[in-house]
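Visitor: One file: entry18.cif (mmCIF, C-alpha atoms (C1' of nucleotides)).
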data_data
loop_
_atom_site.label_atom_id
_atom_site.label_comp_id
_atom_site.auth_asym_id
_atom_site.auth_seq_id
_atom_site.Cartn_x
_atom_site.Cartn_y
_atom_site.Cartn_z
CA MET A 1 -213.85 -62.56 39.29
CA GLU A 2 -212.81 -65.24 36.91
CA ARG A 3 -209.07 -65.22 37.15
CA PRO A 4 -207.30 -66.28 40.33
CA THR A 5 -207.58 -63.48 42.81
CA THR A 6 -204.03 -63.77 43.95
CA GLN A 7 -202.85 -62.51 40.60
CA ARG A 8 -201.37 -59.06 40.57
CA LEU A 9 -200.66 -56.78 37.68
CA ARG A 10 -197.14 -57.98 37.05
CA ASP A 11 -198.35 -61.57 37.00
CA GLU A 12 -201.28 -60.79 34.77
CA LEU A 13 -198.86 -59.51 32.20
CA ARG A 14 -196.71 -62.59 32.41
CA GLN A 15 -193.83 -60.71 31.05
CA THR A 16 -190.39 -60.92 32.54
CA LYS A 17 -189.48 -57.51 31.18
CA PRO A 18 -190.19 -54.62 33.49
CA PHE A 19 -192.63 -52.00 32.31
CA PRO A 20 -191.26 -49.68 29.67
CA SER A 21 -192.30 -46.84 31.92
CA ARG A 22 -194.38 -46.11 34.99
CA SER A 23 -196.82 -44.26 32.79
CA GLN A 24 -197.44 -47.36 30.74
CA GLU A 25 -197.92 -49.39 33.87
CA ALA A 26 -200.47 -46.91 35.12
CA TYR A 27 -202.20 -46.87 31.78
CA LEU A 28 -202.58 -50.63 31.78
CA ALA A 29 -203.72 -50.65 35.38
CA LEU A 30 -206.42 -48.15 34.47
CA LEU A 31 -207.63 -50.21 31.52
CA ARG A 32 -207.75 -53.37 33.56
CA THR A 33 -209.48 -51.78 36.49
CA VAL A 34 -212.22 -50.23 34.40
CA ASP A 35 -212.67 -53.49 32.57
CA GLU A 36 -213.01 -55.35 35.84
CA LEU A 37 -215.49 -52.83 37.27
CA ARG A 38 -217.51 -53.01 34.08
CA ARG A 39 -217.67 -56.77 34.38
CA ARG A 40 -218.80 -56.64 37.97
CA SER A 41 -221.66 -54.30 37.28
CA SER A 42 -222.63 -55.86 33.96
CA ALA A 43 -223.34 -59.02 35.86
CA LEU A 44 -225.90 -57.16 37.98
CA MET A 45 -227.64 -55.47 35.05
CA GLY A 46 -227.70 -58.67 33.05
CA GLN A 47 -230.04 -60.19 35.61
CA HIS A 48 -232.58 -57.56 34.66
CA ASP A 49 -232.03 -57.82 30.92
CA VAL A 50 -230.45 -54.44 30.48
CA SER A 51 -226.85 -53.73 29.62
CA LEU A 52 -224.64 -51.56 31.79
CA GLU A 53 -224.81 -48.81 29.17
CA GLN A 54 -228.60 -48.95 29.04
CA TYR A 55 -228.65 -48.75 32.82
CA ASN A 56 -226.51 -45.64 32.70
CA VAL A 57 -229.01 -43.96 30.39
CA LEU A 58 -231.80 -44.82 32.80
CA ARG A 59 -229.84 -43.35 35.69
CA VAL A 60 -229.25 -40.12 33.85
CA LEU A 61 -232.96 -39.88 33.14
CA ARG A 62 -233.86 -40.47 36.75
CA GLY A 63 -231.38 -37.82 37.78
CA ALA A 64 -233.11 -35.37 35.48
CA GLY A 65 -236.50 -35.73 37.11
CA ALA A 66 -239.97 -35.82 35.65
CA ALA A 67 -239.37 -33.26 32.92
CA GLY A 68 -237.19 -35.66 30.97
CA LEU A 69 -234.23 -34.83 28.79
CA PRO A 70 -233.53 -34.38 25.09
CA THR A 71 -231.27 -37.01 23.54
CA LEU A 72 -228.27 -34.76 23.13
CA GLU A 73 -228.44 -33.72 26.75
CA ILE A 74 -228.34 -37.36 27.80
CA ALA A 75 -225.27 -37.89 25.68
CA GLY A 76 -223.70 -34.86 27.32
CA ARG A 77 -224.02 -36.47 30.73
CA MET A 78 -222.51 -39.71 29.59
CA VAL A 79 -219.27 -40.92 28.14
CA GLU A 80 -220.84 -41.99 24.84
CA ARG A 81 -221.41 -39.92 21.71
CA GLN A 82 -224.85 -39.10 20.36
CA PRO A 83 -225.35 -41.89 17.86
CA GLY A 84 -224.70 -44.46 20.51
CA VAL A 85 -227.25 -42.86 22.79
CA THR A 86 -229.89 -42.84 20.06
CA ARG A 87 -229.43 -46.56 19.63
CA LEU A 88 -229.51 -47.22 23.34
CA LEU A 89 -232.74 -45.26 23.57
CA ASP A 90 -234.17 -47.31 20.70
CA LYS A 91 -233.63 -50.44 22.72
CA LEU A 92 -234.86 -48.96 25.97
CA GLU A 93 -238.01 -47.70 24.28
CA ALA A 94 -238.59 -51.13 22.74
CA LYS A 95 -238.37 -52.62 26.22
CA GLY A 96 -240.85 -50.09 27.53
CA LEU A 97 -238.41 -48.53 29.96
CA VAL A 98 -238.28 -45.15 28.31
CA HIS A 99 -240.76 -42.92 26.52
CA ARG A 100 -239.87 -40.54 23.71
CA VAL A 101 -241.88 -37.59 22.35
CA ARG A 102 -241.03 -34.76 20.02
CA CYS A 103 -240.73 -31.53 21.95
CA LYS A 104 -243.51 -29.06 21.19
CA GLU A 105 -241.42 -25.91 21.59
CA ASP A 106 -238.53 -27.14 19.49
CA ARG A 107 -239.57 -29.90 17.18
CA ARG A 108 -235.96 -30.89 16.56
CA GLN A 109 -235.63 -32.20 20.07
CA VAL A 110 -236.87 -35.52 21.35
CA LEU A 111 -237.81 -35.53 25.00
CA CYS A 112 -237.02 -38.77 26.82
CA THR A 113 -238.60 -39.77 30.10
CA LEU A 114 -238.55 -42.83 32.30
CA THR A 115 -241.63 -45.01 32.26
CA GLU A 116 -242.98 -46.46 35.47
CA THR A 117 -241.41 -49.78 34.52
CA GLY A 118 -238.10 -48.08 34.00
CA ARG A 119 -238.33 -46.42 37.38
CA ARG A 120 -239.09 -49.72 39.07
CA LEU A 121 -236.17 -51.42 37.37
CA LEU A 122 -233.82 -48.72 38.61
CA ALA A 123 -235.21 -49.01 42.11
CA ALA A 124 -234.65 -52.76 42.07
CA LEU A 125 -231.02 -52.24 41.10
CA ASP A 126 -230.22 -49.50 43.60
CA GLY A 127 -229.32 -51.82 46.42
CA PRO A 128 -227.15 -54.26 44.50
CA VAL A 129 -225.38 -51.47 42.62
CA ASP A 130 -224.51 -49.65 45.78
CA GLU A 131 -223.31 -52.83 47.43
CA SER A 132 -221.12 -53.69 44.50
CA SER A 133 -219.71 -50.21 44.44
CA GLN A 134 -218.98 -50.32 48.15
CA ARG A 135 -217.29 -53.67 47.78
CA SER A 136 -215.00 -52.42 45.02
CA PHE A 137 -214.17 -49.03 46.44
CA GLY A 138 -214.31 -50.07 50.03
CA ALA A 139 -210.71 -51.09 49.58
CA LEU A 140 -209.85 -47.40 49.77
CA ARG A 141 -210.27 -45.13 52.74
CA PRO A 142 -212.26 -41.94 52.17
CA GLU A 143 -209.15 -39.75 51.86
CA GLU A 144 -207.66 -42.23 49.44
CA LEU A 145 -210.80 -42.18 47.34
CA GLU A 146 -210.57 -38.43 47.24
CA THR A 147 -206.95 -38.57 46.18
CA LEU A 148 -207.80 -41.07 43.46
CA VAL A 149 -210.46 -38.81 42.03
CA GLU A 150 -208.06 -35.89 42.09
CA TYR A 151 -205.36 -37.87 40.27
CA LEU A 152 -207.81 -38.95 37.62
CA ASP A 153 -208.90 -35.38 37.15
CA ARG A 154 -205.32 -34.34 36.61
CA ILE A 155 -204.74 -37.07 34.07
CA ARG A 156 -207.74 -35.94 32.10
CA TYR A 157 -206.79 -32.29 32.19
CA PRO A 158 -203.01 -32.28 32.39
CA GLU A 159 -202.72 -28.69 31.20
CA LEU A 160 -204.69 -27.48 34.20
CA TYR A 161 -202.17 -28.95 36.62
CA PRO A 162 -198.71 -28.09 35.32
CA MET B 163 -209.63 -33.00 23.54
CA GLU B 164 -212.93 -31.98 22.09
CA ARG B 165 -214.77 -30.56 25.04
CA PRO B 166 -213.62 -27.36 26.68
CA THR B 167 -210.61 -28.12 28.78
CA THR B 168 -211.76 -25.98 31.64
CA GLN B 169 -214.53 -28.43 32.37
CA ARG B 170 -214.21 -30.48 35.50
CA LEU B 171 -216.01 -33.61 36.54
CA ARG B 172 -218.79 -31.87 38.36
CA ASP B 173 -219.39 -29.66 35.36
CA GLU B 174 -219.26 -32.51 32.92
CA LEU B 175 -222.11 -34.09 34.76
CA ARG B 176 -224.15 -30.92 34.67
CA GLN B 177 -226.14 -32.11 37.61
CA THR B 178 -226.89 -29.90 40.53
CA LYS B 179 -227.30 -32.87 42.82
CA PRO B 180 -224.19 -34.01 44.62
CA PHE B 181 -222.87 -37.47 43.92
CA PRO B 182 -224.88 -40.22 45.57
CA SER B 183 -221.61 -41.42 47.05
CA ARG B 184 -217.88 -40.94 46.74
CA SER B 185 -217.63 -44.42 45.28
CA GLN B 186 -219.92 -43.48 42.46
CA GLU B 187 -217.94 -40.34 41.81
CA ALA B 188 -214.75 -42.36 41.64
CA TYR B 189 -216.38 -44.88 39.36
CA LEU B 190 -217.45 -42.20 36.93
CA ALA B 191 -214.07 -40.52 37.07
CA LEU B 192 -212.47 -43.84 36.17
CA LEU B 193 -214.78 -44.40 33.21
CA ARG B 194 -214.22 -40.92 31.89
CA THR B 195 -210.49 -41.03 32.33
CA VAL B 196 -210.09 -44.30 30.50
CA ASP B 197 -212.36 -43.07 27.77
CA GLU B 198 -210.30 -39.93 27.37
CA LEU B 199 -207.01 -41.85 27.32
CA ARG B 200 -208.42 -44.21 24.75
CA ARG B 201 -209.39 -41.30 22.56
CA ARG B 202 -205.96 -39.71 22.80
CA SER B 203 -204.14 -42.82 21.75
CA SER B 204 -206.70 -43.89 19.15
CA ALA B 205 -205.95 -40.67 17.35
CA LEU B 206 -202.31 -41.72 17.05
CA MET B 207 -203.05 -45.25 15.84
CA GLY B 208 -205.63 -44.03 13.40
CA GLN B 209 -202.96 -42.22 11.45
CA HIS B 210 -201.40 -45.57 10.71
CA ASP B 211 -204.64 -47.34 9.92
CA VAL B 212 -204.68 -49.58 12.96
CA SER B 213 -207.02 -49.38 15.90
CA LEU B 214 -205.81 -49.04 19.46
CA GLU B 215 -206.77 -52.62 20.12
CA GLN B 216 -204.89 -53.88 17.10
CA TYR B 217 -201.89 -51.88 18.25
CA ASN B 218 -202.05 -53.54 21.63
CA VAL B 219 -201.89 -56.96 19.99
CA LEU B 220 -198.84 -55.87 18.01
CA ARG B 221 -197.18 -54.65 21.20
CA VAL B 222 -197.78 -57.91 22.96
CA LEU B 223 -196.25 -59.75 20.04
CA ARG B 224 -193.19 -57.54 20.03
CA GLY B 225 -192.82 -58.10 23.74
CA ALA B 226 -192.81 -61.81 23.14
CA GLY B 227 -189.84 -61.75 20.79
CA ALA B 228 -189.11 -63.70 17.64
CA ALA B 229 -190.66 -66.98 18.77
CA GLY B 230 -194.16 -65.56 18.56
CA LEU B 231 -197.14 -66.44 20.68
CA PRO B 232 -200.21 -68.67 20.42
CA THR B 233 -203.52 -66.84 20.25
CA LEU B 234 -204.65 -67.74 23.74
CA GLU B 235 -201.42 -66.49 25.22
CA ILE B 236 -201.94 -63.13 23.53
CA ALA B 237 -205.41 -62.91 25.00
CA GLY B 238 -203.94 -63.73 28.39
CA ARG B 239 -201.72 -60.67 28.21
CA MET B 240 -204.54 -58.39 27.22
CA VAL B 241 -207.84 -57.22 28.60
CA GLU B 242 -209.88 -58.87 25.84
CA ARG B 243 -211.28 -62.37 25.70
CA GLN B 244 -210.16 -64.95 23.13
CA PRO B 245 -212.77 -64.47 20.45
CA GLY B 246 -211.97 -60.81 20.24
CA VAL B 247 -208.30 -61.57 19.84
CA THR B 248 -208.95 -64.05 17.04
CA ARG B 249 -210.84 -61.38 15.16
CA LEU B 250 -208.19 -58.76 15.76
CA LEU B 251 -205.59 -61.17 14.45
CA ASP B 252 -207.74 -61.79 11.37
CA LYS B 253 -207.56 -58.12 10.55
CA LEU B 254 -203.88 -57.76 11.38
CA GLU B 255 -203.05 -60.73 9.19
CA ALA B 256 -205.10 -59.26 6.35
CA LYS B 257 -203.08 -56.07 6.65
CA GLY B 258 -199.85 -58.03 6.54
CA LEU B 259 -198.76 -56.97 10.01
CA VAL B 260 -198.92 -60.40 11.57
CA HIS B 261 -198.17 -63.91 10.41
CA ARG B 262 -199.99 -67.01 11.64
CA VAL B 263 -198.93 -70.66 11.40
CA ARG B 264 -200.22 -73.80 13.00
CA CYS B 265 -197.77 -74.98 15.60
CA LYS B 266 -195.96 -78.21 14.61
CA GLU B 267 -195.65 -79.63 18.11
CA ASP B 268 -199.25 -78.93 19.08
CA ARG B 269 -201.45 -78.53 16.07
CA ARG B 270 -204.22 -76.96 18.16
CA GLN B 271 -202.18 -73.85 18.65
CA VAL B 272 -201.67 -71.08 16.13
CA LEU B 273 -198.37 -69.29 16.42
CA CYS B 274 -198.53 -65.58 15.72
CA THR B 275 -195.51 -63.49 14.86
CA LEU B 276 -194.91 -59.91 13.79
CA THR B 277 -194.04 -59.36 10.16
CA GLU B 278 -191.33 -56.91 9.23
CA THR B 279 -194.06 -54.44 8.27
CA GLY B 280 -195.66 -54.88 11.66
CA ARG B 281 -192.39 -54.27 13.40
CA ARG B 282 -191.79 -51.10 11.41
CA LEU B 283 -195.26 -49.81 12.21
CA LEU B 284 -194.65 -50.33 15.91
CA ALA B 285 -191.31 -48.56 15.68
CA ALA B 286 -192.94 -45.60 13.97
CA LEU B 287 -195.45 -45.33 16.78
CA ASP B 288 -193.02 -45.68 19.68
CA GLY B 289 -192.15 -42.01 19.87
CA PRO B 290 -195.64 -40.55 19.60
CA VAL B 291 -197.07 -43.12 22.01
CA ASP B 292 -194.47 -42.38 24.63
CA GLU B 293 -194.95 -38.66 24.21
CA SER B 294 -198.68 -38.95 24.58
CA SER B 295 -198.31 -41.12 27.64
CA GLN B 296 -195.89 -38.67 29.22
CA ARG B 297 -198.23 -35.81 28.51
CA SER B 298 -201.15 -37.53 30.18
CA PHE B 299 -199.37 -38.98 33.16
CA GLY B 300 -196.88 -36.19 33.48
CA ALA B 301 -199.54 -34.47 35.54
CA LEU B 302 -198.61 -36.84 38.36
CA ARG B 303 -195.31 -36.96 40.19
CA PRO B 304 -193.59 -40.36 40.32
CA GLU B 305 -194.77 -41.10 43.87
CA GLU B 306 -198.28 -40.14 42.90
CA LEU B 307 -198.18 -42.44 39.90
CA GLU B 308 -197.09 -45.23 42.19
CA THR B 309 -199.91 -44.49 44.60
CA LEU B 310 -202.40 -44.46 41.73
CA VAL B 311 -201.28 -47.88 40.56
CA GLU B 312 -201.55 -49.21 44.10
CA TYR B 313 -205.07 -47.84 44.52
CA LEU B 314 -206.16 -49.38 41.24
CA ASP B 315 -204.70 -52.68 42.31
CA ARG B 316 -206.70 -52.55 45.50
CA ILE B 317 -209.90 -51.77 43.66
CA ARG B 318 -209.41 -54.75 41.42
CA TYR B 319 -208.60 -57.10 44.27
CA PRO B 320 -210.49 -55.70 47.26
CA GLU B 321 -210.35 -58.95 49.19
CA LEU B 322 -206.56 -58.83 49.23
CA TYR B 323 -206.57 -55.48 51.02
CA PRO B 324 -209.17 -55.67 53.78
"C1'" DA C 325 -207.03 -99.39 21.25
"C1'" DA C 326 -211.14 -96.90 22.18
"C1'" DC C 327 -213.46 -93.78 24.64
"C1'" DT C 328 -213.71 -89.43 27.29
"C1'" DA C 329 -212.14 -85.04 28.77
"C1'" DT C 330 -209.57 -81.08 28.03
"C1'" DT C 331 -207.43 -77.52 25.46
"C1'" DC C 332 -207.02 -74.18 21.55
"C1'" DC C 333 -209.18 -71.77 18.50
"C1'" DT C 334 -212.94 -70.23 15.45
"C1'" DT C 335 -217.65 -69.02 14.31
"C1'" DG C 336 -222.45 -67.24 15.01
"C1'" DA C 337 -225.43 -64.08 16.92
"C1'" DC C 338 -225.69 -60.47 19.64
"C1'" DT C 339 -224.51 -55.46 21.93
"C1'" DA C 340 -222.10 -51.46 21.63
"C1'" DG C 341 -219.31 -47.74 19.97
"C1'" DT C 342 -217.31 -44.66 16.27
"C1'" DC C 343 -217.34 -41.19 12.17
"C1'" DA C 344 -219.53 -39.34 8.33
"C1'" DA C 345 -223.44 -38.23 5.86
"C1'" DC C 346 -228.18 -37.05 5.92
"C1'" DT C 347 -233.06 -34.96 7.33
"C1'" DA C 348 -235.71 -31.82 9.77
"C1'" DT C 349 -236.24 -27.84 12.22
"C1'" DT C 350 -234.89 -23.47 13.91
"C1'" DG C 351 -232.33 -19.07 13.89
"C1'" DA C 352 -229.88 -15.36 11.65
"C1'" DT C 353 -228.97 -12.40 7.64
"C1'" DT C 354 -229.71 -9.92 4.10
"C1'" DA D 355 -239.51 -13.34 2.52
"C1'" DA D 356 -235.52 -16.09 0.85
"C1'" DT D 357 -231.50 -17.76 1.82
"C1'" DC D 358 -227.88 -19.64 4.57
"C1'" DA D 359 -226.04 -21.44 8.81
"C1'" DA D 360 -226.46 -23.91 12.98
"C1'" DT D 361 -228.63 -27.45 15.85
"C1'" DA D 362 -230.99 -32.08 17.07
"C1'" DG D 363 -231.35 -36.32 15.85
"C1'" DT D 364 -231.10 -40.55 12.91
"C1'" DT D 365 -228.99 -43.80 9.83
"C1'" DG D 366 -225.18 -46.37 7.35
"C1'" DA D 367 -221.01 -48.66 7.42
"C1'" DC D 368 -217.57 -49.77 10.06
"C1'" DT D 369 -214.76 -51.75 14.50
"C1'" DA D 370 -214.92 -54.08 18.60
"C1'" DG D 371 -216.47 -56.83 22.37
"C1'" DT D 372 -219.34 -60.59 24.59
"C1'" DC D 373 -221.25 -65.53 25.38
"C1'" DA D 374 -222.33 -69.88 23.73
"C1'" DA D 375 -221.59 -73.52 20.68
"C1'" DG D 376 -218.67 -76.18 17.91
"C1'" DG D 377 -214.43 -78.45 15.42
"C1'" DA D 378 -209.94 -80.21 15.78
"C1'" DA D 379 -206.11 -81.85 18.17
"C1'" DT D 380 -204.13 -83.68 22.33
"C1'" DA D 381 -204.05 -85.95 26.91
"C1'" DG D 382 -205.82 -89.18 30.07
"C1'" DT D 383 -208.30 -93.45 31.27
"C1'" DT D 384 -209.85 -97.78 31.19
#
Translate the structure described by the file into structure tokens.

Guide:
Amino acid sequence: MERPTTQRLRDELRQTKPFPSRSQEAYLALLRTVDELRRRSSALMGQHDVSLEQYNVLRVLRGAGAAGLPTLEIAGRMVERQPGVTRLLDKLEAKGLVHRVRCKEDRRQVLCTLTETGRRLLAALDGPVDESSQRSFGALRPEELETLVEYLDRIRYPELYP
Amino acid sequence: MERPTTQRLRDELRQTKPFPSRSQEAYLALLRTVDELRRRSSALMGQHDVSLEQYNVLRVLRGAGAAGLPTLEIAGRMVERQPGVTRLLDKLEAKGLVHRVRCKEDRRQVLCTLTETGRRLLAALDGPVDESSQRSFGALRPEELETLVEYLDRIRYPELYP
DNA sequence: AACTATTCCTTGACTAGTCAACTATTGATT
DNA sequence: AATCAATAGTTGACTAGTCAAGGAATAGTT
């Protein structure tokens, strides 16, 4: 972390005014937390010359197994929209981490698979990524983690939890 | 929301495999939640031809009062780094929402203030923004909101909560 | 006073993300 | 079969974010 670790949210804001509402406070806390987590993991990926987003594509591909996945399906498993995924795949293919071929059965689809290099890169990152994740989320006990995930779910789908 | 609202995290992922770890599940939930919140508010800002990020700069400036703020101080109150803020200010100034002047006392600083137009735009957005925020976070009771903020704090500063 | 260091901000060169428009292929309909 | 619609993906034109390098002004030092 770059900023002094003793800083808390209210200090970070450096505003004397209280938050306009708890919701806004929570919103800001969410933004800042995700930003911080992104920074922590980006640092890891950067050492291997891939971005965090590129890494996420690789992970999705590994999760899919040897058969590979069409581009749109990758996008579906990620936060990004299709065009972004296409561009990420462009870069990953250029680096030799991913292989793309037109699907025989449906020539509209492009099947993406990990190359051996890609698989090795992922393997090399597994340890550090897990450590980093443990360090960040280790601050919460298992039940707390569960609660957090539930809260986030409810924020995303408010109409399901009236 | 664009995707079917009955989808839950496990469905979104469309993976049969369980999560490698709770931490990873929480991490993904965080990313997706922030992404979704960003989308919801971006839609509001877009109607007034400002981006969410530009809006955040305007809010910081309003919070600072009539005196205005130097660029670096704005960055300090936001998630972004300085260069990003400079560029956001470029665009806001071009739209006539913000005014910039070199500070007399310290000519290194650039004092930024809201224009009347900027202030009106913010006022027009206050209602919708608050509504949207209530809708999202209304899914949590006040104590739960508080707990959420605490958890997020702990994730950001794990060493403070061993 | 003259140098050096620091601070504030901007710029350049990159990555990434969005929407909208387009191509290619497939499927469905008449 | 000929058309029309839907799907998969790419590209263009934009916004935004990063780091690293640099200019300008100020502060500190000798």

Visitor: Extract, using all atoms listed in the file, all DNA, RNA and protein residues at most 9 Å from region 336-341 of chain C, discarding same-chain residues fewer than 6 positions from it, and format them as a list in words.

Guide: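 Listing them by chain and then by number gives Ser51, Glu53, Glu80, Arg81, Pro83, Gly84 and Leu88 of chain A; DT369, DA370, DG371, DT372, DC373 and DA375 of chain D.
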
Visitor: Just C-alpha atoms (C1' of nucleotides) for this one: save the residues we selected as a PDB file, in the coordinates of the input.

Guide:
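Just written: result31.pdb:
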ATOM      1  CA  SER A  51    -226.850 -53.730  29.620  1.00  0.00           C
ATOM      2  CA  GLU A  53    -224.810 -48.810  29.170  1.00  0.00           C
ATOM      3  CA  GLU A  80    -220.840 -41.990  24.840  1.00  0.00           C
ATOM      4  CA  ARG A  81    -221.410 -39.920  21.710  1.00  0.00           C
ATOM      5  CA  PRO A  83    -225.350 -41.890  17.860  1.00  0.00           C
ATOM      6  CA  GLY A  84    -224.700 -44.460  20.510  1.00  0.00           C
ATOM      7  CA  LEU A  88    -229.510 -47.220  23.340  1.00  0.00           C
TER       8      LEU A  88
ATOM      9  C1'  DT D 369    -214.760 -51.750  14.500  1.00  0.00           C
ATOM     10  C1'  DA D 370    -214.920 -54.080  18.600  1.00  0.00           C
ATOM     11  C1'  DG D 371    -216.470 -56.830  22.370  1.00  0.00           C
ATOM     12  C1'  DT D 372    -219.340 -60.590  24.590  1.00  0.00           C
ATOM     13  C1'  DC D 373    -221.250 -65.530  25.380  1.00  0.00           C
ATOM     14  C1'  DA D 375    -221.590 -73.520  20.680  1.00  0.00           C
TER      15       DA D 375
END

Visitor: Tell me which of B:Leu234, B:Ala228, B:Ala301, B:Val311 sits closest to Arg270 (chain B), counting only C-alpha atoms.

Guide: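 Nearest to Arg270 (chain B): B:Leu234.
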
Visitor: What is the CA of Arg119 (chain A) to CA of Leu61 (chain A) distance in Å?

Guide: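 Between these atoms lies a distance of 9.5 Å.
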
Visitor: Which residues match the PyMOL selection byres ((chain C and resi 354) around 10) in the file above, as an mmCIF file with C-alpha atoms (C1' of nucleotides), keeping the file's coordinate frame?

Guide:
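Saved result, part-v4.cif, follows:
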data_model
loop_
_atom_site.group_PDB
_atom_site.id
_atom_site.type_symbol
_atom_site.label_atom_id
_atom_site.label_comp_id
_atom_site.auth_asym_id
_atom_site.auth_seq_id
_atom_site.Cartn_x
_atom_site.Cartn_y
_atom_site.Cartn_z
ATOM 1 C "C1'" DA C 352 -229.880 -15.360 11.650
ATOM 2 C "C1'" DT C 353 -228.970 -12.400 7.640
ATOM 3 C "C1'" DA D 356 -235.520 -16.090 0.850
ATOM 4 C "C1'" DT D 357 -231.500 -17.760 1.820
ATOM 5 C "C1'" DC D 358 -227.880 -19.640 4.570
#

Visitor: Neighbours of DG377 (chain D) within 12 Å (all atoms listed in the file; same-chain residues fewer than 3 positions away dropped), as an NGL selection string?

Guide: (:B and (270)) or (:C and (332-335))

Visitor: For chain C against chain A, which residues fall within 12 Å using all atoms listed in the file, given as a ChimeraX atom specification?

Guide: /C:339-344,347-351

Visitor: Run the PyMOL selection byres ((chain A and resi 27-29) around 8) on the file and write out the hits as a PyMOL selection string.

Guide: (chain A and resi 9+23-26+30-33) or (chain B and resi 311+314-315)

Visitor: Please report the interatomic distance between CA of Thr279 (chain B) and CA of Val241 (chain B) in Å with one decimal.

Guide: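 Rounded to one decimal, the two atoms are 24.7 Å apart.
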
Visitor: I'd like the interatomic distance between CA of Leu259 (chain B) and CA of Thr277 (chain B), to a tenth of an Å.

Guide: 5.3 Å

Visitor: Residues of chain D near chain A: apply a cut-off of 10 Å, count all atoms listed in the file, and supply the list as a PyMOL selection string.

Guide: chain D and resi 361-365

Visitor: Got a sec to pull out which chain B residues are within 9 Å of chain A, counting all atoms listed in the file, and send them as a short mmCIF file (atom, residue, chain, number, x, y, z; two decimals) with C-alpha atoms, keeping the file's coordinate frame?

Guide:
data_model
loop_
_atom_site.label_atom_id
_atom_site.label_comp_id
_atom_site.auth_asym_id
_atom_site.auth_seq_id
_atom_site.Cartn_x
_atom_site.Cartn_y
_atom_site.Cartn_z
CA THR B 167 -210.61 -28.12 28.78
CA THR B 168 -211.76 -25.98 31.64
CA GLN B 169 -214.53 -28.43 32.37
CA ARG B 170 -214.21 -30.48 35.50
CA LEU B 171 -216.01 -33.61 36.54
CA GLU B 174 -219.26 -32.51 32.92
CA LEU B 175 -222.11 -34.09 34.76
CA ARG B 176 -224.15 -30.92 34.67
CA GLN B 177 -226.14 -32.11 37.61
CA LYS B 179 -227.30 -32.87 42.82
CA SER B 183 -221.61 -41.42 47.05
CA ARG B 184 -217.88 -40.94 46.74
CA SER B 185 -217.63 -44.42 45.28
CA GLN B 186 -219.92 -43.48 42.46
CA GLU B 187 -217.94 -40.34 41.81
CA ALA B 188 -214.75 -42.36 41.64
CA TYR B 189 -216.38 -44.88 39.36
CA ALA B 191 -214.07 -40.52 37.07
CA LEU B 192 -212.47 -43.84 36.17
CA LEU B 193 -214.78 -44.40 33.21
CA ARG B 194 -214.22 -40.92 31.89
CA THR B 195 -210.49 -41.03 32.33
CA VAL B 196 -210.09 -44.30 30.50
CA ASP B 197 -212.36 -43.07 27.77
CA GLU B 198 -210.30 -39.93 27.37
CA LEU B 199 -207.01 -41.85 27.32
CA GLY B 225 -192.82 -58.10 23.74
CA ALA B 226 -192.81 -61.81 23.14
CA GLY B 238 -203.94 -63.73 28.39
CA ARG B 239 -201.72 -60.67 28.21
CA MET B 240 -204.54 -58.39 27.22
CA VAL B 241 -207.84 -57.22 28.60
CA ASP B 292 -194.47 -42.38 24.63
CA SER B 295 -198.31 -41.12 27.64
CA GLN B 296 -195.89 -38.67 29.22
CA ARG B 297 -198.23 -35.81 28.51
CA SER B 298 -201.15 -37.53 30.18
CA PHE B 299 -199.37 -38.98 33.16
CA GLY B 300 -196.88 -36.19 33.48
CA ALA B 301 -199.54 -34.47 35.54
CA LEU B 302 -198.61 -36.84 38.36
CA PRO B 304 -193.59 -40.36 40.32
CA GLU B 306 -198.28 -40.14 42.90
CA LEU B 307 -198.18 -42.44 39.90
CA GLU B 308 -197.09 -45.23 42.19
CA THR B 309 -199.91 -44.49 44.60
CA LEU B 310 -202.40 -44.46 41.73
CA VAL B 311 -201.28 -47.88 40.56
CA TYR B 313 -205.07 -47.84 44.52
CA LEU B 314 -206.16 -49.38 41.24
CA ASP B 315 -204.70 -52.68 42.31
CA ARG B 316 -206.70 -52.55 45.50
CA ILE B 317 -209.90 -51.77 43.66
CA ARG B 318 -209.41 -54.75 41.42
CA TYR B 319 -208.60 -57.10 44.27
CA PRO B 320 -210.49 -55.70 47.26
CA GLU B 321 -210.35 -58.95 49.19
CA LEU B 322 -206.56 -58.83 49.23
CA TYR B 323 -206.57 -55.48 51.02
CA PRO B 324 -209.17 -55.67 53.78
#

Visitor: For the file shown, report as number ranges by chain the outcome of the PyMOL selection byres ((chain C and resi 326) around 12) at residue level.

Guide: C: 325, 327-328; D: 383-384
